[in-house]
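Asker: My structure is in upload15.cif, and what it holds is mmCIF, C-alpha atoms:
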```cif
data_data
#
loop_
_atom_site.label_atom_id
_atom_site.label_comp_id
_atom_site.auth_asym_id
_atom_site.auth_seq_id
_atom_site.Cartn_x
_atom_site.Cartn_y
_atom_site.Cartn_z
CA MET A 1 131.23 55.25 88.28
CA LYS A 2 132.97 58.34 89.52
CA VAL A 3 130.83 60.92 91.31
CA ILE A 4 132.20 64.41 91.87
CA LEU A 5 130.67 66.23 94.83
CA ARG A 6 131.07 69.89 95.81
CA ASN A 7 131.43 72.05 98.89
CA PRO A 8 133.91 70.66 99.66
CA LYS A 9 134.97 69.24 96.31
CA ARG A 10 135.58 65.50 96.51
CA GLU A 11 135.07 62.30 94.56
CA VAL A 12 133.41 59.04 95.46
CA ALA A 13 133.42 55.76 93.56
CA VAL A 14 130.11 53.91 93.16
CA THR A 15 129.76 50.52 91.49
CA GLY A 16 126.78 49.12 89.62
CA THR A 17 123.89 50.45 87.59
CA ARG A 18 121.06 52.41 89.11
CA ARG A 19 118.74 55.35 88.55
CA VAL A 20 119.87 58.87 89.49
CA LYS A 21 117.12 59.01 92.10
CA GLU A 22 118.51 55.89 93.82
CA LEU A 23 122.06 57.23 93.64
CA LEU A 24 121.05 60.45 95.36
CA ILE A 25 119.25 58.55 98.11
CA GLU A 26 122.42 56.51 98.70
CA LEU A 27 124.43 59.74 98.91
CA ASP A 28 121.80 61.24 101.27
CA ILE A 29 121.11 64.16 98.91
CA LEU A 30 117.68 65.67 98.27
CA PRO A 31 117.04 65.51 94.48
CA GLY A 32 115.71 69.07 94.26
CA THR A 33 118.88 70.56 95.71
CA VAL A 34 121.38 69.49 93.05
CA LEU A 35 122.00 69.32 89.34
CA VAL A 36 123.21 65.93 88.17
CA ILE A 37 125.56 66.48 85.26
CA ARG A 38 127.04 63.97 82.82
CA GLY A 39 129.32 65.66 80.33
CA ASP A 40 127.32 68.49 78.83
CA GLU A 41 123.88 67.13 79.74
CA LEU A 42 121.60 67.33 82.74
CA LEU A 43 120.12 64.09 84.01
CA THR A 44 116.63 63.66 85.41
CA SER A 45 115.89 61.40 88.38
CA ASP A 46 114.84 58.46 86.20
CA ALA A 47 118.03 58.43 84.11
CA VAL A 48 120.09 55.25 84.44
CA VAL A 49 123.79 55.61 85.21
CA GLY A 50 126.46 52.94 85.28
CA ASN A 51 130.07 52.06 85.90
CA ASP A 52 131.55 53.99 82.97
CA ASP A 53 129.91 57.28 83.86
CA VAL A 54 131.52 60.34 85.39
CA LEU A 55 128.90 62.44 87.15
CA GLU A 56 129.04 65.80 88.82
CA VAL A 57 126.50 66.41 91.57
CA ARG A 58 126.40 70.19 91.78
CA PRO A 59 124.54 71.85 94.67
CA VAL A 60 122.27 74.74 93.77
CA MET A 61 121.77 76.32 97.17
CA SER A 62 123.32 79.70 97.84
CA GLY A 63 122.75 82.00 100.73
CA GLY A 64 124.00 84.27 103.41
CA SER A 65 123.41 87.99 103.21
CA ALA A 66 120.16 89.39 101.88
CA GLY A 67 121.62 92.19 99.82
CA ALA A 68 122.34 90.62 96.48
CA SER A 69 121.75 87.03 95.71
CA ALA A 70 124.33 84.78 94.13
CA MET B 71 111.35 61.27 81.35
CA LYS B 72 110.00 63.21 78.37
CA CYS B 73 109.60 66.89 77.59
CA ARG B 74 106.04 68.07 78.13
CA LYS B 75 106.15 70.15 74.95
CA CYS B 76 108.01 68.11 72.35
CA GLY B 77 108.28 64.58 73.76
CA GLY B 78 112.09 64.64 73.50
CA ARG B 79 114.43 63.60 76.30
CA ALA B 80 113.89 65.83 79.32
CA SER B 81 116.79 67.70 80.92
CA LEU B 82 114.95 68.94 83.97
CA GLU B 83 111.95 67.83 85.98
CA LEU B 84 109.88 70.58 87.61
CA ARG B 85 107.86 68.70 90.20
CA ARG B 86 105.99 71.79 91.41
CA HIS B 87 104.64 72.23 87.88
CA ASN B 88 104.20 68.47 87.39
CA ALA B 89 106.25 68.85 84.21
CA ALA B 90 109.59 68.10 82.59
CA PHE B 91 111.30 69.95 79.75
CA CYS B 92 114.07 69.34 77.26
CA SER B 93 116.88 71.92 77.23
CA ALA B 94 115.35 74.15 74.55
CA HIS B 95 111.87 74.17 76.07
CA PHE B 96 113.23 74.68 79.58
CA LEU B 97 115.08 77.80 78.39
CA GLU B 98 111.85 78.99 76.78
CA PHE B 99 109.97 78.34 80.05
CA PHE B 100 112.63 80.24 82.02
CA ARG B 101 112.52 83.30 79.76
CA LYS B 102 108.73 83.38 79.92
CA GLN B 103 108.80 83.35 83.73
CA VAL B 104 111.20 86.30 83.77
CA ALA B 105 109.12 88.19 81.22
CA GLU B 106 105.98 87.54 83.28
CA ALA B 107 107.67 88.89 86.42
CA ILE B 108 108.86 92.04 84.65
CA HIS B 109 105.45 92.65 83.08
CA LYS B 110 103.31 91.89 86.14
CA HIS B 111 105.25 94.17 88.47
CA ARG B 112 106.17 96.79 85.83
CA MET B 113 109.78 96.37 86.90
CA PHE B 114 111.34 98.39 84.08
CA THR B 115 110.84 99.39 80.48
CA ARG B 116 112.99 98.93 77.42
CA ASP B 117 113.83 102.64 77.56
CA GLU B 118 115.59 102.24 80.89
CA THR B 119 119.05 100.85 81.54
CA VAL B 120 118.93 98.23 84.26
CA LEU B 121 121.80 98.00 86.72
CA VAL B 122 122.18 94.29 87.47
CA ALA B 123 123.89 93.49 90.76
CA VAL B 124 126.16 90.53 90.06
CA SER B 125 128.10 88.36 92.46
CA GLY B 126 129.61 85.84 90.06
CA GLY B 127 127.08 83.23 91.18
CA LYS B 128 124.47 81.42 89.11
CA ASP B 129 121.46 83.60 89.90
CA SER B 130 122.80 87.05 89.13
CA LEU B 131 124.69 85.96 86.02
CA ALA B 132 121.64 84.03 84.79
CA LEU B 133 119.57 87.17 85.33
CA TRP B 134 122.04 89.36 83.46
CA ASP B 135 122.16 86.82 80.62
CA VAL B 136 118.40 86.53 80.23
CA LEU B 137 117.97 90.33 80.21
CA ILE B 138 120.69 90.76 77.57
CA GLU B 139 119.17 87.98 75.47
CA ASP B 140 115.76 89.64 75.70
CA GLY B 141 117.23 92.89 74.39
CA TYR B 142 117.17 94.99 77.54
CA ARG B 143 119.76 97.70 78.07
CA THR B 144 121.87 96.65 81.04
CA ALA B 145 125.05 97.29 82.98
CA GLY B 146 126.51 95.19 85.77
CA LEU B 147 127.59 96.12 89.27
CA TYR B 148 130.05 93.93 91.15
CA LEU B 149 130.64 94.68 94.81
CA ASP B 150 134.05 93.47 95.92
CA LEU B 151 133.55 92.27 99.48
CA GLY B 152 137.22 91.52 100.06
CA ILE B 153 136.55 87.89 100.99
CA PHE B 154 139.92 86.40 100.09
CA ASP B 155 140.10 84.07 97.04
CA TYR B 156 136.30 83.87 96.89
CA SER B 157 136.00 87.56 95.98
CA ARG B 158 138.93 87.40 93.56
CA GLU B 159 137.45 84.45 91.70
CA SER B 160 133.90 85.80 91.67
CA ARG B 161 135.10 89.15 90.33
CA GLU B 162 137.00 87.37 87.55
CA LYS B 163 133.81 85.49 86.59
CA CYS B 164 131.85 88.75 86.37
CA GLU B 165 134.55 90.52 84.38
CA ALA B 166 134.82 87.62 81.93
CA PHE B 167 131.01 87.48 81.55
CA ALA B 168 130.77 91.23 80.86
CA ALA B 169 133.71 91.25 78.45
CA ALA B 170 132.35 88.30 76.44
CA ARG B 171 129.04 90.12 75.95
CA GLY B 172 130.38 93.62 75.48
CA GLN B 173 128.67 94.92 78.63
CA THR B 174 129.74 97.58 81.11
CA LEU B 175 130.67 96.30 84.56
CA HIS B 176 131.04 98.73 87.45
CA VAL B 177 133.15 97.54 90.37
CA GLU B 178 132.92 99.00 93.87
CA ARG B 179 135.08 97.93 96.78
CA VAL B 180 133.22 97.60 100.07
CA ALA B 181 136.45 98.34 101.94
CA ASP B 182 136.63 101.79 100.33
CA ALA B 183 133.17 102.67 101.65
CA VAL B 184 133.01 101.00 105.04
CA GLY B 185 136.68 101.21 106.00
CA ALA B 186 137.57 97.51 105.92
CA PRO B 187 136.83 94.36 103.92
CA ILE B 188 133.90 92.24 105.12
CA PRO B 189 136.01 89.71 107.10
CA ASP B 190 137.54 92.58 109.12
CA VAL B 191 134.16 94.24 109.62
CA GLN B 192 132.99 91.09 111.36
CA LYS B 193 136.11 90.97 113.52
CA VAL B 194 135.98 94.55 114.75
CA THR B 195 132.20 94.90 115.18
CA ARG B 196 131.28 91.34 116.26
CA ARG B 197 128.27 91.81 114.03
CA PRO B 198 127.19 88.67 112.08
CA THR B 199 129.08 88.67 108.79
CA CYS B 200 126.00 88.20 106.60
CA SER B 201 124.26 91.10 108.34
CA ALA B 202 127.08 93.58 107.69
CA CYS B 203 127.50 92.22 104.18
CA GLY B 204 123.79 92.56 103.32
CA LEU B 205 123.62 96.09 104.72
CA SER B 206 126.72 97.12 102.75
CA LYS B 207 125.43 95.58 99.52
CA ARG B 208 122.00 97.23 99.72
CA TYR B 209 123.56 100.60 100.50
CA LEU B 210 126.21 100.45 97.77
CA MET B 211 123.79 99.18 95.13
CA ASN B 212 121.54 102.16 95.77
CA ARG B 213 124.37 104.69 96.01
CA THR B 214 126.08 103.47 92.84
CA ALA B 215 122.81 103.53 90.91
CA LEU B 216 122.09 107.09 92.06
CA GLU B 217 125.59 108.35 91.33
CA ARG B 218 125.69 106.77 87.88
CA GLY B 219 122.15 107.64 86.87
CA TYR B 220 120.41 104.25 86.88
CA ALA B 221 116.75 104.33 87.90
CA VAL B 222 116.48 100.64 88.72
CA VAL B 223 118.64 97.92 90.29
CA ALA B 224 117.87 94.26 89.57
CA THR B 225 119.08 91.48 91.86
CA GLY B 226 119.17 87.74 91.33
CA HIS B 227 116.92 86.77 94.24
CA ASN B 228 115.04 83.61 93.32
CA LEU B 229 111.96 81.85 94.68
CA ASP B 230 114.00 79.92 97.26
CA ASP B 231 115.68 83.12 98.51
CA GLU B 232 112.34 84.86 98.84
CA ALA B 233 110.62 81.90 100.52
CA ALA B 234 113.50 81.58 103.02
CA THR B 235 113.41 85.29 103.82
CA LEU B 236 109.66 85.13 104.31
CA PHE B 237 110.05 82.07 106.52
CA GLY B 238 112.60 83.91 108.68
CA SER B 239 110.38 86.97 108.98
CA VAL B 240 107.35 84.89 109.93
CA MET B 241 109.33 82.77 112.39
CA HIS B 242 110.14 85.97 114.29
CA TRP B 243 106.97 87.84 113.37
CA GLN B 244 108.96 90.72 111.96
CA THR B 245 105.86 92.55 110.84
CA ASP B 246 107.88 95.60 109.75
CA ALA B 247 109.82 93.40 107.30
CA LEU B 248 106.78 91.71 105.74
CA PRO B 249 105.44 94.64 103.67
CA ARG B 250 108.97 95.28 102.36
CA GLN B 251 109.15 91.78 100.92
CA SER B 252 108.12 92.25 97.33
CA PRO B 253 109.37 91.41 93.83
CA ALA B 254 109.50 95.16 93.16
CA LEU B 255 110.16 97.97 95.60
CA ALA B 256 109.26 101.41 94.34
CA ALA B 257 111.50 104.43 94.76
CA THR B 258 109.68 106.06 97.68
CA HIS B 259 112.24 108.83 98.14
CA PRO B 260 114.36 110.85 95.70
CA LYS B 261 117.47 109.15 97.12
CA LEU B 262 116.12 105.62 96.62
CA VAL B 263 116.17 103.77 93.33
CA ARG B 264 113.67 101.08 92.35
CA ARG B 265 114.75 97.56 93.32
CA VAL B 266 113.42 94.53 91.45
CA LYS B 267 113.81 90.75 91.53
CA PRO B 268 112.93 89.35 88.10
CA LEU B 269 113.83 85.76 89.10
CA TYR B 270 111.39 85.53 92.01
CA ARG B 271 109.16 83.09 90.07
CA LEU B 272 112.04 80.65 89.48
CA SER B 273 113.60 78.20 91.90
CA GLU B 274 117.27 77.86 92.70
CA LEU B 275 117.35 74.57 90.78
CA GLU B 276 115.93 76.33 87.73
CA THR B 277 118.41 79.23 87.81
CA ALA B 278 121.28 76.74 88.18
CA ALA B 279 119.95 74.69 85.26
CA TYR B 280 119.60 77.83 83.12
CA ALA B 281 123.17 78.88 83.92
CA PHE B 282 124.46 75.41 83.09
CA LEU B 283 122.53 75.07 79.83
CA ARG B 284 123.60 78.57 78.76
CA ARG B 285 127.23 77.63 79.50
CA ILE B 286 127.61 80.47 81.95
CA ASP B 287 130.86 80.17 83.89
CA TYR B 288 129.73 80.95 87.45
CA ILE B 289 131.32 80.42 90.83
CA VAL B 290 129.99 77.16 92.24
CA GLU B 291 131.82 77.36 95.55
CA GLU B 292 129.84 78.79 98.42
CA CYS B 293 130.85 82.01 100.19
CA PRO B 294 133.04 80.88 103.12
CA PHE B 295 130.87 82.88 105.51
CA ALA B 296 127.59 81.33 104.35
CA LYS B 297 128.22 78.09 106.25
CA GLY B 298 125.92 78.06 109.26
CA ALA B 299 123.99 81.13 108.07
CA THR B 300 120.39 81.28 109.24
CA SER B 301 119.12 81.71 105.68
CA ILE B 302 120.75 78.41 104.72
CA ALA B 303 119.09 76.65 107.67
CA HIS B 304 115.72 78.02 106.58
CA LYS B 305 116.31 76.85 103.03
CA GLU B 306 117.12 73.36 104.25
CA VAL B 307 113.87 73.20 106.21
CA LEU B 308 111.89 74.36 103.18
CA ASN B 309 113.70 71.92 100.88
CA ARG B 310 112.67 68.99 103.09
CA LEU B 311 109.10 70.23 102.96
CA GLU B 312 109.30 70.64 99.18
CA GLU B 313 110.57 67.09 98.79
CA THR B 314 107.45 65.64 100.37
CA SER B 315 105.09 68.33 99.12
CA PRO B 316 106.14 69.72 95.71
CA GLY B 317 105.05 73.33 95.33
CA ALA B 318 105.21 74.09 99.04
CA LYS B 319 107.73 76.93 98.62
CA HIS B 320 105.82 78.38 95.69
CA ASN B 321 102.51 78.28 97.56
CA PHE B 322 104.07 79.79 100.69
CA LEU B 323 105.59 82.76 98.82
CA PHE B 324 102.87 83.39 96.26
CA GLY B 325 100.13 82.94 98.86
CA PHE B 326 101.82 85.60 100.96
CA LEU B 327 102.25 88.00 98.03
CA ASP B 328 98.69 87.55 96.78
CA LYS B 329 96.75 87.26 100.03
CA ALA B 330 98.69 88.24 103.16
CA ARG B 331 101.15 90.99 102.28
CA PRO B 332 98.51 93.73 101.89
CA ALA B 333 97.40 93.11 105.47
CA PHE B 334 100.83 94.13 106.76
CA GLU B 335 101.16 97.30 104.74
CA ARG B 336 101.11 100.47 106.79
CA ALA B 337 98.36 103.01 106.37
CA GLU B 338 100.99 105.74 106.60
CA PRO B 339 104.23 105.38 104.65
CA VAL B 340 107.47 105.34 106.63
CA ALA B 341 108.87 108.87 106.87
CA LEU B 342 112.29 109.08 105.23
CA GLN B 343 114.88 111.83 105.36
CA GLU B 344 118.45 112.27 104.20
CA CYS B 345 121.33 110.95 106.29
CA THR B 346 123.26 113.88 107.76
CA VAL B 347 126.57 112.31 106.72
CA CYS B 348 126.05 110.71 103.29
CA GLY B 349 122.69 112.10 102.17
CA GLN B 350 121.14 108.67 101.53
CA ALA B 351 117.56 107.98 102.61
CA THR B 352 117.07 106.87 106.21
CA THR B 353 114.42 106.81 108.91
CA GLY B 354 116.74 108.46 111.44
CA THR B 355 119.35 111.18 111.26
CA LEU B 356 122.27 108.85 110.56
CA CYS B 357 121.77 105.88 108.22
CA ALA B 358 122.63 102.31 109.29
CA PHE B 359 125.53 102.14 106.86
CA CYS B 360 127.17 105.32 108.16
CA LYS B 361 126.75 103.99 111.72
CA LEU B 362 128.50 100.78 110.66
CA ALA B 363 131.28 102.65 108.86
CA ASP B 364 131.79 104.93 111.89
CA GLN B 365 132.01 101.91 114.17
CA VAL B 366 134.50 100.14 111.90
CA LYS B 367 136.75 103.18 111.47
CA GLN B 368 136.65 103.99 115.20
CA ARG B 369 137.54 100.45 116.27
CA ILE B 370 140.32 100.14 113.73
CA SER B 371 141.68 103.49 114.92
CA ASP B 372 141.42 102.38 118.57
CA ALA B 373 143.18 99.11 117.79
CA ALA B 374 145.97 100.95 116.00
CA SER B 375 146.39 103.34 118.96
CA THR B 376 146.49 100.45 121.41
CA GLY B 377 149.04 98.72 119.24
CA ARG B 378 151.22 101.85 119.14
CA ASN B 379 150.94 102.40 122.91
CA THR B 380 151.87 98.85 123.76
CA ALA B 381 154.68 98.71 121.23
#
```
Would you mind writing the file's structure down as structure tokens?

Answerer:
Amino acid sequence: MKVILRNPKREVAVTGTRRVKELLIELDILPGTVLVIRGDELLTSDAVVGNDDVLEVRPVMSGGSAGASA
Amino acid sequence: MKCRKCGGRASLELRRHNAAFCSAHFLEFFRKQVAEAIHKHRMFTRDETVLVAVSGGKDSLALWDVLIEDGYRTAGLYLDLGIFDYSRESREKCEAFAAARGQTLHVERVADAVGAPIPDVQKVTRRPTCSACGLSKRYLMNRTALERGYAVVATGHNLDDEAATLFGSVMHWQTDALPRQSPALAATHPKLVRRVKPLYRLSELETAAYAFLRRIDYIVEECPFAKGATSIAHKEVLNRLEETSPGAKHNFLFGFLDKARPAFERAEPVALQECTVCGQATTGTLCAFCKLADQVKQRISDAASTGRNTA
């Protein structure tokens, strides 16, 4: 499968079938800090993904100044 | 994973609530949390027009969207920080959002007020970028609201933002900052407008999910100056805690608001007066923003003089 990561934007190829939770552990990403997107749907940690999938792992953290949040 | 309400396929798991929701029921949950925040803290009424401070990011655009959808009268305020392509792209997102929904968007350039765009402010003052940026944003939000007749400014601060700010204040025992941390800050002076944070009950993951499910086109890229920011480091610490103990951030923030914050409130309110230069509320004679603007203009003038003399 193709996994699109952000900040910086890049792609990684992962082979095989696994749950989203396992994929995030392999990528060293905390599950609560990203949206996992397949097409126009959000995936939960128990969703199974495989070789044909294109996933976007989109970080949700924003920060910096305290004036107006993102 | 199944939706707690309808049993359909879940789109999002909310571990701190020990629940999961499908897209439709998550959006319903989100709107209820915002409504609860507005009601509990009497943030604004339907007779008022809310000035929503928008950055082009997920939180502020999600906030603006949920208020519009709930029928509130709103206008947007975008502060152009002058941060290269990041500001250009984020402004375009805000303009497109406002145009698609027929909303008014006010745009203010920080450089016009402080004398230079944010990257140059950092260079000439050596002040941390996020500090100068936050000061400028708070000042310009208030000034714009006053000048344009809005009684209340709403920002997109979420639960993670508030927990990280609280963590930073507690780490340094900034007891003056603790009573100011609130979902709603009243207008305690004629030159201050009410400031509210209707998303404080919702996590960053939830605001991102709302923005995605509502097809809001927001800027995903991080501000180039946020890398290495202290607030990010605090969020990372709290996220690790949350991973092993779901609800930790919620309990930390809500425990403070419900039990500890009153203990830090002053018996006497802070005395405010008008800045001798701009007329905005301040504790001294010159407000922090005017001091910053003076410093920026002076150093830019000095640098120009030095450049001319050496040329």

Asker: Report the distance between CA of Tyr280 in chain B and CA of Leu236 in chain B in Å, rounded to one decimal place.

Answerer: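 Atom-to-atom, CA of Tyr280 in chain B to CA of Leu236 in chain B, that is 24.5 Å.
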
Asker: Show me, as JSON, numbers by chain, every residue of chain A with an atom at most 12 Å from chain B, counting all atoms listed in the file.

Answerer: {"A": [5, 6, 7, 8, 9, 19, 21, 29, 30, 31, 32, 33, 34, 35, 36, 37, 38, 39, 40, 41, 42, 43, 44, 45, 46, 47, 48, 56, 57, 58, 59, 60, 61, 62, 63, 64, 65, 66, 67, 68, 69, 70]}

Asker: Just write the chosen residues, C-alpha atoms, as a compact mmCIF listing (two decimals), keeping the file's coordinate frame.

Answerer:
```txt
# COMPACT_ATOMS: atom_id res chain seq x y z
CA LEU A 5 130.67 66.23 94.83
CA ARG A 6 131.07 69.89 95.81
CA ASN A 7 131.43 72.05 98.89
CA PRO A 8 133.91 70.66 99.66
CA LYS A 9 134.97 69.24 96.31
CA ARG A 19 118.74 55.35 88.55
CA LYS A 21 117.12 59.01 92.10
CA ILE A 29 121.11 64.16 98.91
CA LEU A 30 117.68 65.67 98.27
CA PRO A 31 117.04 65.51 94.48
CA GLY A 32 115.71 69.07 94.26
CA THR A 33 118.88 70.56 95.71
CA VAL A 34 121.38 69.49 93.05
CA LEU A 35 122.00 69.32 89.34
CA VAL A 36 123.21 65.93 88.17
CA ILE A 37 125.56 66.48 85.26
CA ARG A 38 127.04 63.97 82.82
CA GLY A 39 129.32 65.66 80.33
CA ASP A 40 127.32 68.49 78.83
CA GLU A 41 123.88 67.13 79.74
CA LEU A 42 121.60 67.33 82.74
CA LEU A 43 120.12 64.09 84.01
CA THR A 44 116.63 63.66 85.41
CA SER A 45 115.89 61.40 88.38
CA ASP A 46 114.84 58.46 86.20
CA ALA A 47 118.03 58.43 84.11
CA VAL A 48 120.09 55.25 84.44
CA GLU A 56 129.04 65.80 88.82
CA VAL A 57 126.50 66.41 91.57
CA ARG A 58 126.40 70.19 91.78
CA PRO A 59 124.54 71.85 94.67
CA VAL A 60 122.27 74.74 93.77
CA MET A 61 121.77 76.32 97.17
CA SER A 62 123.32 79.70 97.84
CA GLY A 63 122.75 82.00 100.73
CA GLY A 64 124.00 84.27 103.41
CA SER A 65 123.41 87.99 103.21
CA ALA A 66 120.16 89.39 101.88
CA GLY A 67 121.62 92.19 99.82
CA ALA A 68 122.34 90.62 96.48
CA SER A 69 121.75 87.03 95.71
CA ALA A 70 124.33 84.78 94.13
```

Asker: Translate the PyMOL selection byres ((chain A and resi 1) around 8), as applied to the file shown, into an explicit residue set as a ChimeraX atom specification.

Answerer: /A:2-3,13-16,50-55

Asker: How about saving the chosen residues, C-alpha atoms kept, as an mmCIF file, in the frame of the given file?

Answerer:
```
data_model
loop_
_atom_site.group_PDB
_atom_site.id
_atom_site.type_symbol
_atom_site.label_atom_id
_atom_site.label_comp_id
_atom_site.auth_asym_id
_atom_site.auth_seq_id
_atom_site.Cartn_x
_atom_site.Cartn_y
_atom_site.Cartn_z
ATOM 1 C CA LYS A 2 132.970 58.340 89.520
ATOM 2 C CA VAL A 3 130.830 60.920 91.310
ATOM 3 C CA ALA A 13 133.420 55.760 93.560
ATOM 4 C CA VAL A 14 130.110 53.910 93.160
ATOM 5 C CA THR A 15 129.760 50.520 91.490
ATOM 6 C CA GLY A 16 126.780 49.120 89.620
ATOM 7 C CA GLY A 50 126.460 52.940 85.280
ATOM 8 C CA ASN A 51 130.070 52.060 85.900
ATOM 9 C CA ASP A 52 131.550 53.990 82.970
ATOM 10 C CA ASP A 53 129.910 57.280 83.860
ATOM 11 C CA VAL A 54 131.520 60.340 85.390
ATOM 12 C CA LEU A 55 128.900 62.440 87.150
#
```

Asker: Around the point (106.7, 81.8, 102.6) in the file's coordinates, collect all residues with an atom within 7 Å, using all atoms listed in the file, and return them as a VMD selection string.

Answerer: chain B and resid 233 to 234 236 to 237 319 322 to 323 326

Asker: Go through the shown structure with the PyMOL selection byres ((chain B and resi 332) around 12) and write out the matching residues as a PyMOL selection string.

Answerer: chain B and resi 245+248-252+325-331+333-337

Asker: Tell me, in Å to one decimal, how far CA of Val136 in chain B is from CA of Val177 in chain B.

Answerer: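 So the answer is 21.0 Å.
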
Asker: Could you state the separation of CA of Asn212 in chain B and CA of Gln350 in chain B in Å, given to one decimal place?

Answerer: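 Between CA of Asn212 in chain B and CA of Gln350 in chain B the gap is 8.7 Å.
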
Asker: List the residues selected by the PyMOL selection byres ((chain B and resi 191) around 12) in the file shown, writing them as an NGL selection string.

Answerer: :B and (151-153 or 180-181 or 183-190 or 192-203 or 205-206 or 362-370)

Asker: For the point (120.9, 88.8, 77.8) in file coordinates, what residues are within 12 Å, counting all atoms listed in the file? Give the answer as a PyMOL selection string?

Answerer: chain B and resi 101+104+120+122+130-146+167-168+170-173+281+284+286

Asker: From the set B:Thr258, B:Ser371, B:Leu97, B:Lys361, which residue has the shortest atom-to-atom contact distance to Ala341 in chain B, counting only C-alpha atoms?

Answerer: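 The answer is B:Thr258, which sits nearest to Ala341 in chain B.
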